[in-house]
Amino acid sequence: MPQYYSSSSNSSETTTTTATFINDPLKPYKHLLLSPPANFMRSLVAICLFAAFSFFYLSSFPATTWRSNACPQCDPHAYRRLAVGLGAGVVKEEEKTNISHILFGIGGSAETWSRRRRYCELWWKPNATRGFVWLDKKPGKAAPPWPDTSPPYRVSADTARFKYTNWYGSRSAVRIARIVKESFEAGMENVRWFVMGDDDTVFFTENLVDLLSRYDHRQMYYIGGNSESVEQNVVHSYQMAYGGGGFAVSYPLAAELVRILDGCIDRYAAVYGSDLKIGGCVNEIGMDVRGSPFGLLSAHPIAPLISLHHLDYVQPIFPGTNRVDSIKRLLRAYETDPSRALQQSFCYHPTRNWSISVSWGYNVLLYPFMVTAKDLSTPLQTFLTWGSWSQQPFVFNTRVMRFNPCERPIVHYLDRVNGSRSGSWSGTTTSYKRPHTERGRQCKKESYAKAYLVREFNVTADVLDPQIWKKGPRRQCCEITDGSDEVDGVVQVRIRGCNQWESVTPRYR
């Protein structure tokens, strides 16, 4: 991991006179005016010498050197050479980090891009997002024209000279690992962060920008996440950011990484993937599942949604749709309230003995019995590990998804979303309905019979302030505001901030 250093200087107070002299802003000025002639001449000569030296030293280096050399940890000579040679890294310090400060590097191939681009085009915004898809070769003459809705492409440099000795991997890992270097050497201006991902990674860019803006881009940062599968972390590493979900590298760290990367790739010739090679190189400087993601998305942690990956290897997240249309539906909700996407809240209806879990923008789970908040926040295991397709282990707890319909929740999926605004207030209304495919597998218990009468949930909420992620976020509370479900089958739910001393779980009867 990158090393972080801080320096401090200690000054000791020698005499009372010296301390007073430093603290009084008028004293130095008086001292120069009232000194004897000899002292005055010495002072004047010293000032002139200092000014001449400063002018000579500052004029020896271009302005970009000083703006770029904001990283005290970096090799100043290598960093200065890269920054001046490429003209990159010049930023307006008063400007808050936004999407234009991010350069995306997407690993792709000419053979698979025609079918993988549909994922990238869900989040890519031409003339707003910046970056490239890096291909292994130029698209063939028979290929259709490159679409304007896709990121522009560049062809990676030949990597035949590099070593790769992993017996079960692919040499493409070398090419993908060098995307960081090639993106940096593209010389794009005003770049603060390099974000790497695969061609089937879907980024939620507003949340990504908010996340990166919390870090000082002038320092060396390497930001990402581990795999959800323990076996992947054990086989590869816990000390690396997994590339499929995406990782970010700050400009100063990228400058250092570029300097050592090619030699480092050869040193890690035996490792499997590009992300592990990058992780190893970063150390020298100082989400993966299969099956159905239903359980994970229904119990998302209290954190912003940043990316989804391996979408070709999981079932569509909404029933009755394909994978791309499923993500489009989720994005419709996300775009009305990026910070709230997939945030989970719990409601209880004590008189009916109902427990309700709302995964905002995705689904509502209705249990016709009491379920603790601890259990509701634990994902139902509807997925397998990435490497061995096993039931376990994962880096988080899971609970069993029962086959018995009397032990399963009744699921309502997102149907529509509406945003509204009034003055400074803005909010959303999302509606969730039960799919027809699940109505044949029903529990015969009376408690479930009443719950099956609910055909829709309408959930209202204020737009969640993204500043909440810069604090110690708390799960928001929700309440059932209308008991009309027995009349028209619609339950009205309101999500709100919890009151002081309020618990998300009521007392049991």
# chains A, B, ... in the order shown; residues from 1 in each chain; ligands from 1
call {"tool": "select_by_dssp", "arguments": {"residues": "range 274-480 of chain A", "states": "alpha helix (DSSP H)", "output": "count of residues only"}}
result
41
call {"tool": "residues_around", "arguments": {"residues": "Gln442 in chain A", "least_positions_apart": "2", "cutoff": "12 Å", "atoms": "only C-alpha atoms", "output": "list in words"}}
result
Phe403, Asn404, Pro405, Cys406, Glu407, Arg408, Pro409, Ile410, Val411, His436, Thr437, Glu438, Arg439, Gly440, Lys444, Lys445, Glu446, Ser447, Tyr448, Ala449, Lys450, Ala451, Tyr452 and Leu453 of chain A
call {"tool": "residues_around", "arguments": {"residues": "Leu211 in chain A", "least_positions_apart": "5", "cutoff": "10 Å", "atoms": "only C-alpha atoms", "output": "list in words"}}
result
Thr97, Thr205, Glu206, Ile223, Pro304, Ile306, Pro466, Trp469 and Lys470 of chain A
call {"tool": "closest_residue", "arguments": {"among": "A:Ser326, A:Asn190, A:Thr460, A:Gln343", "to": "Arg475 in chain A", "atoms": "only C-alpha atoms"}}
result
A:Gln343
call {"tool": "closest_residue", "arguments": {"among": "A:Ser213, A:Trp124, A:Val258, A:Trp167", "to": "Val271 in chain A", "atoms": "only C-alpha atoms"}}
result
A:Trp167
call {"tool": "residues_around", "arguments": {"residues": "Arg175 in chain A", "least_positions_apart": "2", "cutoff": "9 Å", "atoms": "only C-alpha atoms", "output": "ChimeraX atom specification"}}
result
/A:107,134,136,156-159,171-173,177-179,274
call {"tool": "write_last_selection", "arguments": {"atoms": "N, CA and C atoms", "output": "CSV table (one decimal), in the first residue's frame"}}
result
chain,number,residue,atom,x,y,z
A,107,GLY,N,-10.6,-1.7,-19.9
A,107,GLY,CA,-9.9,-2.8,-20.5
A,107,GLY,C,-10.9,-3.6,-21.4
A,134,TRP,N,-9.3,0.5,-24.1
A,134,TRP,CA,-8.0,0.0,-24.6
A,134,TRP,C,-8.2,-1.3,-25.2
A,136,ASP,N,-7.0,-4.7,-27.8
A,136,ASP,CA,-5.8,-5.4,-28.1
A,136,ASP,C,-5.4,-5.2,-29.6
A,156,SER,N,-3.7,-0.8,-27.4
A,156,SER,CA,-2.6,-1.0,-26.5
A,156,SER,C,-1.3,-1.3,-27.2
A,157,ALA,N,-0.2,-0.9,-26.6
A,157,ALA,CA,1.1,-1.2,-27.2
A,157,ALA,C,1.4,-2.7,-27.1
A,158,ASP,N,2.2,-3.2,-28.0
A,158,ASP,CA,2.6,-4.6,-28.0
A,158,ASP,C,3.3,-4.9,-26.7
A,159,THR,N,2.9,-6.1,-26.1
A,159,THR,CA,3.5,-6.5,-24.9
A,159,THR,C,4.3,-7.8,-25.0
A,171,ARG,N,-2.1,-13.9,-21.1
A,171,ARG,CA,-1.1,-12.9,-21.2
A,171,ARG,C,-1.8,-11.5,-21.3
A,172,SER,N,-3.1,-11.5,-21.6
A,172,SER,CA,-3.8,-10.2,-21.7
A,172,SER,C,-3.7,-9.4,-20.4
A,173,ALA,N,-3.3,-10.1,-19.3
A,173,ALA,CA,-3.2,-9.4,-18.0
A,173,ALA,C,-2.0,-8.4,-18.0
A,177,ALA,N,-2.7,-4.4,-17.3
A,177,ALA,CA,-2.0,-3.8,-16.3
A,177,ALA,C,-1.4,-2.5,-16.7
A,178,ARG,N,-1.0,-2.4,-18.0
A,178,ARG,CA,-0.3,-1.2,-18.5
A,178,ARG,C,-1.2,-0.1,-18.9
A,179,ILE,N,-2.5,-0.3,-18.8
A,179,ILE,CA,-3.5,0.7,-19.1
A,179,ILE,C,-3.3,1.9,-18.3
A,274,SER,N,-4.1,-8.7,-13.9
A,274,SER,CA,-3.6,-7.3,-14.0
A,274,SER,C,-3.7,-6.6,-12.7
call {"tool": "closest_residue", "arguments": {"among": "A:Ser250, A:Ser345, A:Thr351, A:Asn207", "to": "Phe194 in chain A", "atoms": "only C-alpha atoms"}}
result
A:Ser250
call {"tool": "atom_distance", "arguments": {"atom1": "CA of Asp198 in chain A", "atom2": "CA of Ile99 in chain A"}}
result
18.5 Å
call {"tool": "residues_around", "arguments": {"residues": "Ile495 in chain A", "least_positions_apart": "2", "cutoff": "6 Å", "atoms": "only C-alpha atoms", "output": "list in words"}}
result
Ala461, Cys477 and Cys478 of chain A
call {"tool": "atom_distance", "arguments": {"atom1": "CA of His310 in chain A", "atom2": "CA of Asp200 in chain A"}}
result
6.2 Å
call {"tool": "closest_residue", "arguments": {"among": "A:Thr372, A:Thr430, A:Ser183, A:Ser357", "to": "Met196 in chain A", "atoms": "only C-alpha atoms"}}
result
A:Ser183
call {"tool": "closest_residue", "arguments": {"among": "A:Asp210, A:Gly108, A:Ile327, A:Phe369", "to": "Pro350 in chain A", "atoms": "only C-alpha atoms"}}
result
A:Phe369
call {"tool": "atom_distance", "arguments": {"atom1": "CA of Asn98 in chain A", "atom2": "CA of Trp123 in chain A"}}
result
15.3 Å
call {"tool": "residues_around", "arguments": {"residues": "Trp425 in chain A", "least_positions_apart": "3", "cutoff": "9 Å", "atoms": "only C-alpha atoms", "output": "list in words"}}
result
Ser420, Arg421, Ser422, Asp462 and Val463 of chain A
call {"tool": "write_last_selection", "arguments": {"atoms": "N, CA, C and O atoms", "output": "mmCIF file, in the first residue's frame"}}
result
data_model
loop_
_atom_site.group_PDB
_atom_site.id
_atom_site.type_symbol
_atom_site.label_atom_id
_atom_site.label_comp_id
_atom_site.auth_asym_id
_atom_site.auth_seq_id
_atom_site.Cartn_x
_atom_site.Cartn_y
_atom_site.Cartn_z
ATOM 1 N N SER A 420 -39.631 14.723 -7.604
ATOM 2 C CA SER A 420 -40.402 15.963 -7.473
ATOM 3 C C SER A 420 -39.571 16.991 -6.726
ATOM 4 O O SER A 420 -38.671 16.641 -5.955
ATOM 5 N N ARG A 421 -39.885 18.258 -6.970
ATOM 6 C CA ARG A 421 -39.142 19.347 -6.354
ATOM 7 C C ARG A 421 -40.105 20.484 -6.023
ATOM 8 O O ARG A 421 -41.001 20.819 -6.807
ATOM 9 N N SER A 422 -39.919 21.077 -4.862
ATOM 10 C CA SER A 422 -40.717 22.227 -4.447
ATOM 11 C C SER A 422 -39.820 23.176 -3.675
ATOM 12 O O SER A 422 -39.462 22.908 -2.522
ATOM 13 N N ASP A 462 -37.118 11.881 0.967
ATOM 14 C CA ASP A 462 -36.360 13.050 0.557
ATOM 15 C C ASP A 462 -35.127 12.583 -0.211
ATOM 16 O O ASP A 462 -34.622 11.475 0.008
ATOM 17 N N VAL A 463 -34.646 13.417 -1.113
ATOM 18 C CA VAL A 463 -33.378 13.108 -1.780
ATOM 19 C C VAL A 463 -32.278 13.114 -0.725
ATOM 20 O O VAL A 463 -32.173 14.038 0.081
#
call {"tool": "residues_around", "arguments": {"residues": "Val371 in chain A", "least_positions_apart": "2", "cutoff": "10 Å", "atoms": "only C-alpha atoms", "output": "ChimeraX atom specification"}}
result
/A:346,348,353-357,367-369,373-376,505
call {"tool": "write_last_selection", "arguments": {"atoms": "C-alpha atoms", "output": "mmCIF file, in the first residue's frame"}}
result
data_model
loop_
_atom_site.group_PDB
_atom_site.id
_atom_site.type_symbol
_atom_site.label_atom_id
_atom_site.label_comp_id
_atom_site.auth_asym_id
_atom_site.auth_seq_id
_atom_site.Cartn_x
_atom_site.Cartn_y
_atom_site.Cartn_z
ATOM 1 C CA PHE A 346 -36.654 -1.405 7.855
ATOM 2 C CA TYR A 348 -42.507 -2.868 11.084
ATOM 3 C CA ASN A 353 -46.883 -8.671 12.641
ATOM 4 C CA TRP A 354 -45.142 -7.590 9.436
ATOM 5 C CA SER A 355 -41.442 -6.919 8.834
ATOM 6 C CA ILE A 356 -40.590 -4.901 5.725
ATOM 7 C CA SER A 357 -37.174 -4.312 4.165
ATOM 8 C CA TYR A 367 -42.203 -10.916 5.793
ATOM 9 C CA PRO A 368 -45.551 -11.811 7.446
ATOM 10 C CA PHE A 369 -43.676 -12.421 10.722
ATOM 11 C CA ALA A 373 -32.929 -5.820 12.058
ATOM 12 C CA LYS A 374 -29.766 -7.928 12.355
ATOM 13 C CA ASP A 375 -31.290 -10.636 10.163
ATOM 14 C CA LEU A 376 -32.809 -8.167 7.687
ATOM 15 C CA THR A 505 -36.939 -2.108 15.528
#
call {"tool": "closest_residue", "arguments": {"among": "A:Thr481, A:Tyr168, A:Met188, A:Leu311", "to": "Asp325 in chain A", "atoms": "only C-alpha atoms"}}
result
A:Leu311
